[in-house]
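Encoded as structure tokens, the structure appears first; notes follow it.
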Number of protein chains: 2
Amino acid sequence: MKRNTWQREAVREALDTSGGFISAQGLHSALHAGGSPIGLATVYRALSDLADQGEADSLQSPDGESLYRACTTTGHHHHLICRNCGLTVEIGADEVEAWAKRVAGEHGFTEAAHVVDVFGLCATCSATAR
Amino acid sequence: MKRNTWQREAVREALDTSGGFISAQGLHSALHAGGSPIGLATVYRALSDLADQGEADSLQSPDGESLYRACTTTGHHHHLICRNCGLTVEIGADEVEAWAKRVAGEHGFTEAAHVVDVFGLCATCSATAR
DNA sequence: ATGGTTTTGACAATCATTATCAATAACAGC
DNA sequence: GCTGTTATTGATAATGATTGTCAAAACCAT
Ligand SMILES: [Zn+2]
Ligand SMILES: [Zn+2]
Ligand SMILES: [Zn+2]
Ligand SMILES: [Zn+2]
């Protein structure tokens, strides 16, 4: 049976607080900065569990890091992510869902999954950058 | 000035031969299997260069590895990839391009890039799997 | 409160990728 | 073709993220 520990709860809360996508290392740093003595391995395990249970979304950053986020949308969705500050907008994309299903079918592919993310600079970061 | 070496050419040819997306490690193994004594670091450098010059496409595998492929389509496009055998189909996706641009704009994002890939089992692998 | 079982965390191990740097090989100019 | 300059190579070390190990600590049903 699965047990409840303050570590797991701490990770959940830190994820909620973070707002945007964040790496395991980043979350661990944030937790430490907040005074938590949680171990790094534990953060990795908690994030992995949260992702498995569907309580967190995960994706690969452009440079191959795994990033996690506590999303509010329950169902399947995609993300618009600021590559500077991490601000994330959850996006429903029915037309993309249809497209993905169609192209997979047209080429005889089964068990198709898709990776669809948009990375850019949010309005705030765009303004700052100039 | 850039010099031409048999190593660089070997990587280009191996990429062409591969057909699907392949990792640097995988290409290095393939080259060694074919009798080439090329070094691993050189394969990494050559692939990075090819990607920079637009002669190769690159993407992150679902588990965070960088994969490369010599694509025939010159312009921007996306991929339908067999997660079992690596078979890759190049896909033009005007509707997705438009969608990505639209959602970025709607939320004030600039310099938006998108990651759009479909992973599945190709017809052959689907048949074998059952 | 107790005991069996899960979870933790310090640390080692792994794996992909990048940095080093002396030795090598391209190639421009003679 | 020979030569000197300089980009490139490759063995290896270094890095950085992630996972494995395992004894000690924490949970929780009883
Ligand atoms: Zn931003
Ligand atoms: Zn989708
Ligand atoms: Zn391509
Ligand atoms: Zn296949």
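The chains in the structure tokens are called A, B, ... from first to last as shown; in each chain the residues are counted from 1, and the ligands are counted from 1 in the order shown.
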Contact set, chain C to chain A: 12 Å, only C-alpha atoms (C1' of nucleotides), as a list in words: DT5, DT6, DT7, DT8, DG9, DA10, DC11, DA16 and DT17 of chain C
For region 12-14 of chain B: contacts at 9 Å, only C-alpha atoms (C1' of nucleotides), fewer than 5 positions along chain excluded, given as a ChimeraX atom specification: /B:7,19,27,30-31,46-47,50,55-56,70
Which residues come within 12 Å of Ala93 (chain A), counting only C-alpha atoms (C1' of nucleotides), excluding same-chain residues fewer than 5 positions away, as a CSV table (one decimal) with all heavy atoms, in the first residue's frame?
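Result went into selection-v2.csv, see below:
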```
chain,number,residue,atom,x,y,z
A,75,GLY,N,-8.2,16.8,-18.4
A,75,GLY,CA,-8.0,15.9,-19.6
A,75,GLY,C,-6.7,16.2,-20.3
A,75,GLY,O,-5.9,16.9,-19.9
A,76,HIS,N,-6.7,15.6,-21.5
A,76,HIS,CA,-5.5,15.7,-22.4
A,76,HIS,C,-5.4,17.2,-22.9
A,76,HIS,O,-6.4,17.7,-23.3
A,76,HIS,CB,-5.7,14.7,-23.6
A,76,HIS,CG,-4.6,14.9,-24.6
A,76,HIS,ND1,-3.4,14.3,-24.5
A,76,HIS,CD2,-4.6,15.6,-25.8
A,76,HIS,CE1,-2.7,14.6,-25.6
A,76,HIS,NE2,-3.4,15.3,-26.4
A,77,HIS,N,-4.2,17.7,-22.9
A,77,HIS,CA,-4.1,19.1,-23.4
A,77,HIS,C,-2.6,19.3,-23.7
A,77,HIS,O,-1.8,18.4,-23.5
A,77,HIS,CB,-4.5,20.1,-22.3
A,77,HIS,CG,-3.7,20.0,-21.1
A,77,HIS,ND1,-4.0,19.1,-20.1
A,77,HIS,CD2,-2.7,20.7,-20.6
A,77,HIS,CE1,-3.2,19.2,-19.1
A,77,HIS,NE2,-2.3,20.2,-19.4
A,78,HIS,N,-2.3,20.5,-24.2
A,78,HIS,CA,-0.9,20.8,-24.6
A,78,HIS,C,-0.5,22.1,-23.9
A,78,HIS,O,-1.3,22.7,-23.2
A,78,HIS,CB,-0.8,20.9,-26.1
A,78,HIS,CG,-1.1,19.5,-26.7
A,78,HIS,ND1,-0.2,18.5,-26.8
A,78,HIS,CD2,-2.2,19.0,-27.3
A,78,HIS,CE1,-0.7,17.5,-27.3
A,78,HIS,NE2,-1.9,17.7,-27.6
A,79,HIS,N,0.7,22.6,-24.3
A,79,HIS,CA,1.3,23.7,-23.5
A,79,HIS,C,1.9,24.7,-24.4
A,79,HIS,O,2.6,24.4,-25.4
A,79,HIS,CB,2.3,23.2,-22.5
A,79,HIS,CG,1.7,22.2,-21.5
A,79,HIS,ND1,1.9,20.9,-21.7
A,79,HIS,CD2,0.9,22.4,-20.4
A,79,HIS,CE1,1.2,20.2,-20.7
A,79,HIS,NE2,0.6,21.1,-20.0
A,80,LEU,N,1.8,26.0,-23.9
A,80,LEU,CA,2.5,27.1,-24.5
A,80,LEU,C,3.4,27.6,-23.4
A,80,LEU,O,2.9,28.0,-22.3
A,80,LEU,CB,1.5,28.2,-24.9
A,80,LEU,CG,2.0,29.5,-25.4
A,80,LEU,CD1,2.9,29.3,-26.6
A,80,LEU,CD2,0.8,30.4,-25.8
A,98,ALA,N,-7.2,15.9,-33.9
A,98,ALA,CA,-7.8,15.3,-35.2
A,98,ALA,C,-6.7,15.0,-36.2
A,98,ALA,O,-6.6,14.0,-36.8
A,98,ALA,CB,-8.8,16.2,-35.7
A,99,TRP,N,-5.8,16.0,-36.3
A,99,TRP,CA,-4.7,15.9,-37.3
A,99,TRP,C,-3.8,14.7,-37.0
A,99,TRP,O,-3.5,13.9,-37.8
A,99,TRP,CB,-3.9,17.2,-37.3
A,99,TRP,CG,-2.6,17.1,-38.0
A,99,TRP,CD1,-2.4,17.2,-39.4
A,99,TRP,CD2,-1.3,16.8,-37.5
A,99,TRP,NE1,-1.1,17.1,-39.7
A,99,TRP,CE2,-0.4,16.8,-38.5
A,99,TRP,CE3,-0.8,16.6,-36.2
A,99,TRP,CZ2,1.0,16.6,-38.3
A,99,TRP,CZ3,0.5,16.3,-36.0
A,99,TRP,CH2,1.4,16.3,-37.0
A,100,ALA,N,-3.4,14.6,-35.7
A,100,ALA,CA,-2.5,13.5,-35.3
A,100,ALA,C,-3.1,12.2,-35.6
A,100,ALA,O,-2.5,11.3,-36.1
A,100,ALA,CB,-2.2,13.7,-33.8
A,114,HIS,N,1.3,11.7,-29.4
A,114,HIS,CA,1.9,12.8,-30.0
A,114,HIS,C,2.5,13.8,-29.0
A,114,HIS,O,2.1,13.8,-27.8
A,114,HIS,CB,0.9,13.6,-30.9
A,114,HIS,CG,-0.3,14.0,-30.2
A,114,HIS,ND1,-1.4,13.1,-30.1
A,114,HIS,CD2,-0.7,15.1,-29.5
A,114,HIS,CE1,-2.4,13.7,-29.4
A,114,HIS,NE2,-2.0,14.9,-29.0
A,116,VAL,N,3.3,17.7,-28.6
A,116,VAL,CA,2.9,18.9,-29.2
A,116,VAL,C,3.1,20.0,-28.2
A,116,VAL,O,2.4,20.1,-27.2
A,116,VAL,CB,1.5,19.0,-29.7
A,116,VAL,CG1,1.1,20.4,-30.2
A,116,VAL,CG2,1.3,17.9,-30.9
A,117,ASP,N,4.2,20.8,-28.3
A,117,ASP,CA,4.4,21.9,-27.4
A,117,ASP,C,4.9,23.1,-28.2
A,117,ASP,O,5.6,23.0,-29.2
A,117,ASP,CB,5.5,21.5,-26.4
A,117,ASP,CG,5.2,20.3,-25.6
A,117,ASP,OD1,4.2,20.4,-24.9
A,117,ASP,OD2,5.9,19.3,-25.7
A,118,VAL,N,4.5,24.3,-27.7
A,118,VAL,CA,4.9,25.5,-28.3
A,118,VAL,C,5.8,26.3,-27.3
A,118,VAL,O,5.4,26.5,-26.1
A,118,VAL,CB,3.7,26.4,-28.7
A,118,VAL,CG1,4.2,27.7,-29.4
A,118,VAL,CG2,2.8,25.6,-29.6
B,95,GLU,N,-2.0,23.0,-41.2
B,95,GLU,CA,-2.9,23.4,-40.2
B,95,GLU,C,-2.3,23.5,-38.8
B,95,GLU,O,-2.7,24.3,-38.0
B,95,GLU,CB,-4.1,22.4,-40.2
B,95,GLU,CG,-3.6,20.9,-40.2
B,95,GLU,CD,-4.8,20.0,-40.4
B,95,GLU,OE1,-5.8,20.0,-39.6
B,95,GLU,OE2,-4.8,19.2,-41.4
B,96,VAL,N,-1.3,22.7,-38.6
B,96,VAL,CA,-0.6,22.7,-37.3
B,96,VAL,C,0.3,24.0,-37.2
B,96,VAL,O,0.3,24.7,-36.2
B,96,VAL,CB,0.3,21.5,-37.0
B,96,VAL,CG1,1.1,21.6,-35.7
B,96,VAL,CG2,-0.6,20.3,-37.0
B,98,ALA,N,-0.4,26.8,-38.6
B,98,ALA,CA,-1.3,27.9,-38.4
B,98,ALA,C,-1.8,27.9,-37.0
B,98,ALA,O,-1.8,29.0,-36.3
B,98,ALA,CB,-2.5,27.8,-39.4
B,99,TRP,N,-2.1,26.7,-36.5
B,99,TRP,CA,-2.5,26.6,-35.1
B,99,TRP,C,-1.5,27.2,-34.1
B,99,TRP,O,-1.8,28.0,-33.2
B,99,TRP,CB,-2.9,25.2,-34.8
B,99,TRP,CG,-3.1,24.9,-33.3
B,99,TRP,CD1,-4.2,25.1,-32.6
B,99,TRP,CD2,-2.1,24.4,-32.4
B,99,TRP,NE1,-4.0,24.7,-31.3
B,99,TRP,CE2,-2.7,24.3,-31.1
B,99,TRP,CE3,-0.7,24.1,-32.5
B,99,TRP,CZ2,-2.0,23.9,-30.0
B,99,TRP,CZ3,-0.1,23.6,-31.3
B,99,TRP,CH2,-0.7,23.5,-30.1
B,100,ALA,N,-0.2,26.7,-34.3
B,100,ALA,CA,0.9,27.1,-33.4
B,100,ALA,C,1.0,28.6,-33.4
B,100,ALA,O,1.2,29.3,-32.4
B,100,ALA,CB,2.2,26.4,-33.8
B,102,ARG,N,-1.2,30.8,-34.2
B,102,ARG,CA,-2.4,31.5,-33.7
B,102,ARG,C,-2.3,31.5,-32.2
B,102,ARG,O,-2.5,32.5,-31.5
B,102,ARG,CB,-3.6,30.8,-34.2
B,102,ARG,CG,-4.9,31.4,-33.6
B,102,ARG,CD,-6.1,30.9,-34.4
B,102,ARG,NE,-6.3,29.5,-34.5
B,102,ARG,CZ,-6.6,28.7,-33.6
B,102,ARG,NH1,-6.9,29.2,-32.4
B,102,ARG,NH2,-6.7,27.4,-33.7
B,103,VAL,N,-2.1,30.3,-31.5
B,103,VAL,CA,-2.2,30.2,-30.1
B,103,VAL,C,-1.1,31.1,-29.5
B,103,VAL,O,-1.3,31.7,-28.4
B,103,VAL,CB,-2.1,28.8,-29.6
B,103,VAL,CG1,-3.2,28.0,-30.0
B,103,VAL,CG2,-0.8,28.2,-29.9
```
Surrounding residues as a ChimeraX atom specification, ligand 3, max 6 Å, only C-alpha atoms (C1' of nucleotides) and all ligand atoms: /B:57,71,78,90
At a cut-off of 9 Å, can you tabulate as a Markdown table every residue of chain D near chain B together with its closest atom pair and the distance in Å to one decimal, using only C-alpha atoms (C1' of nucleotides) and ordering rows by chain then number?
```
| residue | atom | partner | partner_atom | distance |
| --- | --- | --- | --- | --- |
| D:DA7 | C1' | B:Arg3 | CA | 6.9 |
| D:DT8 | C1' | B:Arg3 | CA | 8.0 |
| D:DT9 | C1' | B:Thr42 | CA | 6.9 |
| D:DG10 | C1' | B:Gly39 | CA | 5.4 |
| D:DA11 | C1' | B:Gly39 | CA | 8.6 |
```
Can you build me a table of chain A residues sitting at most 7 Å from chain B, with the closest atom pair per residue and its distance in Å to one decimal, using only C-alpha atoms, sorted by chain and residue number, as a Markdown table?
```
| residue | atom | partner | partner_atom | distance |
| --- | --- | --- | --- | --- |
| A:Gln60 | CA | B:Gly64 | CA | 6.4 |
| A:Gly64 | CA | B:Gly64 | CA | 4.6 |
| A:Glu65 | CA | B:Gly64 | CA | 6.6 |
| A:Val96 | CA | B:Val96 | CA | 6.4 |
| A:Ala100 | CA | B:Val118 | CA | 6.8 |
| A:Gly108 | CA | B:Ala123 | CA | 4.8 |
| A:Phe109 | CA | B:Cys122 | CA | 4.4 |
| A:Thr110 | CA | B:Leu121 | CA | 5.1 |
| A:Glu111 | CA | B:Gly120 | CA | 5.2 |
| A:Ala112 | CA | B:Gly120 | CA | 4.0 |
| A:Ala113 | CA | B:Phe119 | CA | 5.3 |
| A:His114 | CA | B:Val118 | CA | 4.3 |
| A:Val115 | CA | B:Asp117 | CA | 5.2 |
| A:Val116 | CA | B:Val116 | CA | 4.5 |
| A:Asp117 | CA | B:Val115 | CA | 5.2 |
| A:Val118 | CA | B:His114 | CA | 4.3 |
| A:Phe119 | CA | B:Ala113 | CA | 5.3 |
| A:Gly120 | CA | B:Ala112 | CA | 4.0 |
| A:Leu121 | CA | B:Phe109 | CA | 5.1 |
| A:Cys122 | CA | B:Phe109 | CA | 4.4 |
| A:Ala123 | CA | B:Gly108 | CA | 4.8 |
| A:Ser126 | CA | B:Thr110 | CA | 6.5 |
```
Write to file, as a PDB file, in the first residue's frame, the residues of the selection just made, with N, CA, C and O atoms.
```
ATOM      1  N   GLN A  60       9.751  16.882 -22.245  1.00  0.00           N
ATOM      2  CA  GLN A  60      11.190  17.029 -22.409  1.00  0.00           C
ATOM      3  C   GLN A  60      11.499  18.449 -22.843  1.00  0.00           C
ATOM      4  O   GLN A  60      10.965  18.918 -23.843  1.00  0.00           O
ATOM      5  N   GLY A  64      16.629  18.303 -23.526  1.00  0.00           N
ATOM      6  CA  GLY A  64      16.590  16.931 -23.031  1.00  0.00           C
ATOM      7  C   GLY A  64      16.378  16.741 -21.543  1.00  0.00           C
ATOM      8  O   GLY A  64      16.536  15.628 -21.043  1.00  0.00           O
ATOM      9  N   GLU A  65      16.014  17.783 -20.830  1.00  0.00           N
ATOM     10  CA  GLU A  65      15.700  17.616 -19.417  1.00  0.00           C
ATOM     11  C   GLU A  65      14.222  17.277 -19.261  1.00  0.00           C
ATOM     12  O   GLU A  65      13.390  17.765 -20.023  1.00  0.00           O
ATOM     13  N   VAL A  96      -5.538  19.771 -33.551  1.00  0.00           N
ATOM     14  CA  VAL A  96      -4.289  19.018 -33.559  1.00  0.00           C
ATOM     15  C   VAL A  96      -4.537  17.554 -33.227  1.00  0.00           C
ATOM     16  O   VAL A  96      -3.907  16.653 -33.798  1.00  0.00           O
ATOM     17  N   ALA A 100      -3.424  14.619 -35.695  1.00  0.00           N
ATOM     18  CA  ALA A 100      -2.513  13.548 -35.283  1.00  0.00           C
ATOM     19  C   ALA A 100      -3.137  12.188 -35.555  1.00  0.00           C
ATOM     20  O   ALA A 100      -2.488  11.275 -36.081  1.00  0.00           O
ATOM     21  N   GLY A 108      -0.961   3.948 -41.583  1.00  0.00           N
ATOM     22  CA  GLY A 108      -1.027   2.614 -40.989  1.00  0.00           C
ATOM     23  C   GLY A 108      -0.392   2.492 -39.622  1.00  0.00           C
ATOM     24  O   GLY A 108      -0.117   1.383 -39.154  1.00  0.00           O
ATOM     25  N   PHE A 109      -0.152   3.621 -38.970  1.00  0.00           N
ATOM     26  CA  PHE A 109       0.432   3.559 -37.633  1.00  0.00           C
ATOM     27  C   PHE A 109      -0.651   3.298 -36.591  1.00  0.00           C
ATOM     28  O   PHE A 109      -1.770   3.801 -36.694  1.00  0.00           O
ATOM     29  N   THR A 110      -0.283   2.516 -35.572  1.00  0.00           N
ATOM     30  CA  THR A 110      -1.212   2.272 -34.464  1.00  0.00           C
ATOM     31  C   THR A 110      -0.578   2.758 -33.167  1.00  0.00           C
ATOM     32  O   THR A 110       0.602   3.088 -33.126  1.00  0.00           O
ATOM     33  N   GLU A 111      -1.377   2.767 -32.114  1.00  0.00           N
ATOM     34  CA  GLU A 111      -0.896   3.189 -30.790  1.00  0.00           C
ATOM     35  C   GLU A 111      -0.139   4.503 -30.875  1.00  0.00           C
ATOM     36  O   GLU A 111       0.940   4.655 -30.292  1.00  0.00           O
ATOM     37  N   ALA A 112      -0.716   5.434 -31.595  1.00  0.00           N
ATOM     38  CA  ALA A 112      -0.026   6.704 -31.824  1.00  0.00           C
ATOM     39  C   ALA A 112      -0.196   7.645 -30.641  1.00  0.00           C
ATOM     40  O   ALA A 112      -1.287   7.805 -30.102  1.00  0.00           O
ATOM     41  N   ALA A 113       0.900   8.231 -30.237  1.00  0.00           N
ATOM     42  CA  ALA A 113       0.881   9.293 -29.238  1.00  0.00           C
ATOM     43  C   ALA A 113       1.543  10.502 -29.883  1.00  0.00           C
ATOM     44  O   ALA A 113       2.278  10.357 -30.865  1.00  0.00           O
ATOM     45  N   HIS A 114       1.284  11.678 -29.356  1.00  0.00           N
ATOM     46  CA  HIS A 114       1.917  12.831 -29.977  1.00  0.00           C
ATOM     47  C   HIS A 114       2.518  13.775 -28.952  1.00  0.00           C
ATOM     48  O   HIS A 114       2.079  13.846 -27.813  1.00  0.00           O
ATOM     49  N   VAL A 115       3.561  14.443 -29.393  1.00  0.00           N
ATOM     50  CA  VAL A 115       4.237  15.451 -28.582  1.00  0.00           C
ATOM     51  C   VAL A 115       4.003  16.778 -29.276  1.00  0.00           C
ATOM     52  O   VAL A 115       4.447  16.968 -30.415  1.00  0.00           O
ATOM     53  N   VAL A 116       3.266  17.654 -28.625  1.00  0.00           N
ATOM     54  CA  VAL A 116       2.935  18.942 -29.226  1.00  0.00           C
ATOM     55  C   VAL A 116       3.122  20.039 -28.181  1.00  0.00           C
ATOM     56  O   VAL A 116       2.354  20.135 -27.229  1.00  0.00           O
ATOM     57  N   ASP A 117       4.170  20.825 -28.324  1.00  0.00           N
ATOM     58  CA  ASP A 117       4.428  21.912 -27.391  1.00  0.00           C
ATOM     59  C   ASP A 117       4.878  23.137 -28.161  1.00  0.00           C
ATOM     60  O   ASP A 117       5.558  23.022 -29.177  1.00  0.00           O
ATOM     61  N   VAL A 118       4.487  24.293 -27.654  1.00  0.00           N
ATOM     62  CA  VAL A 118       4.925  25.541 -28.276  1.00  0.00           C
ATOM     63  C   VAL A 118       5.790  26.294 -27.269  1.00  0.00           C
ATOM     64  O   VAL A 118       5.360  26.538 -26.138  1.00  0.00           O
ATOM     65  N   PHE A 119       7.010  26.617 -27.673  1.00  0.00           N
ATOM     66  CA  PHE A 119       7.926  27.367 -26.824  1.00  0.00           C
ATOM     67  C   PHE A 119       8.108  28.763 -27.408  1.00  0.00           C
ATOM     68  O   PHE A 119       8.290  28.923 -28.614  1.00  0.00           O
ATOM     69  N   GLY A 120       8.056  29.767 -26.551  1.00  0.00           N
ATOM     70  CA  GLY A 120       8.255  31.123 -27.030  1.00  0.00           C
ATOM     71  C   GLY A 120       8.617  32.039 -25.879  1.00  0.00           C
ATOM     72  O   GLY A 120       9.025  31.584 -24.817  1.00  0.00           O
ATOM     73  N   LEU A 121       8.482  33.341 -26.107  1.00  0.00           N
ATOM     74  CA  LEU A 121       8.691  34.304 -25.040  1.00  0.00           C
ATOM     75  C   LEU A 121       7.344  34.913 -24.697  1.00  0.00           C
ATOM     76  O   LEU A 121       6.651  35.442 -25.566  1.00  0.00           O
ATOM     77  N   CYS A 122       6.968  34.848 -23.426  1.00  0.00           N
ATOM     78  CA  CYS A 122       5.679  35.390 -23.012  1.00  0.00           C
ATOM     79  C   CYS A 122       5.692  36.914 -23.185  1.00  0.00           C
ATOM     80  O   CYS A 122       6.744  37.508 -23.408  1.00  0.00           O
ATOM     81  N   ALA A 123       4.530  37.508 -23.079  1.00  0.00           N
ATOM     82  CA  ALA A 123       4.407  38.946 -23.308  1.00  0.00           C
ATOM     83  C   ALA A 123       5.372  39.725 -22.415  1.00  0.00           C
ATOM     84  O   ALA A 123       6.078  40.638 -22.869  1.00  0.00           O
ATOM     85  N   SER A 126       8.930  39.155 -23.510  1.00  0.00           N
ATOM     86  CA  SER A 126       9.132  39.804 -24.800  1.00  0.00           C
ATOM     87  C   SER A 126       9.405  41.283 -24.595  1.00  0.00           C
ATOM     88  O   SER A 126      10.298  41.862 -25.222  1.00  0.00           O
TER      89      SER A 126
END
```
Helix (DSSP H, G or I) positions in region 20-75 of chain B, given as a PyMOL selection string: chain B and resi 24-33+40-52
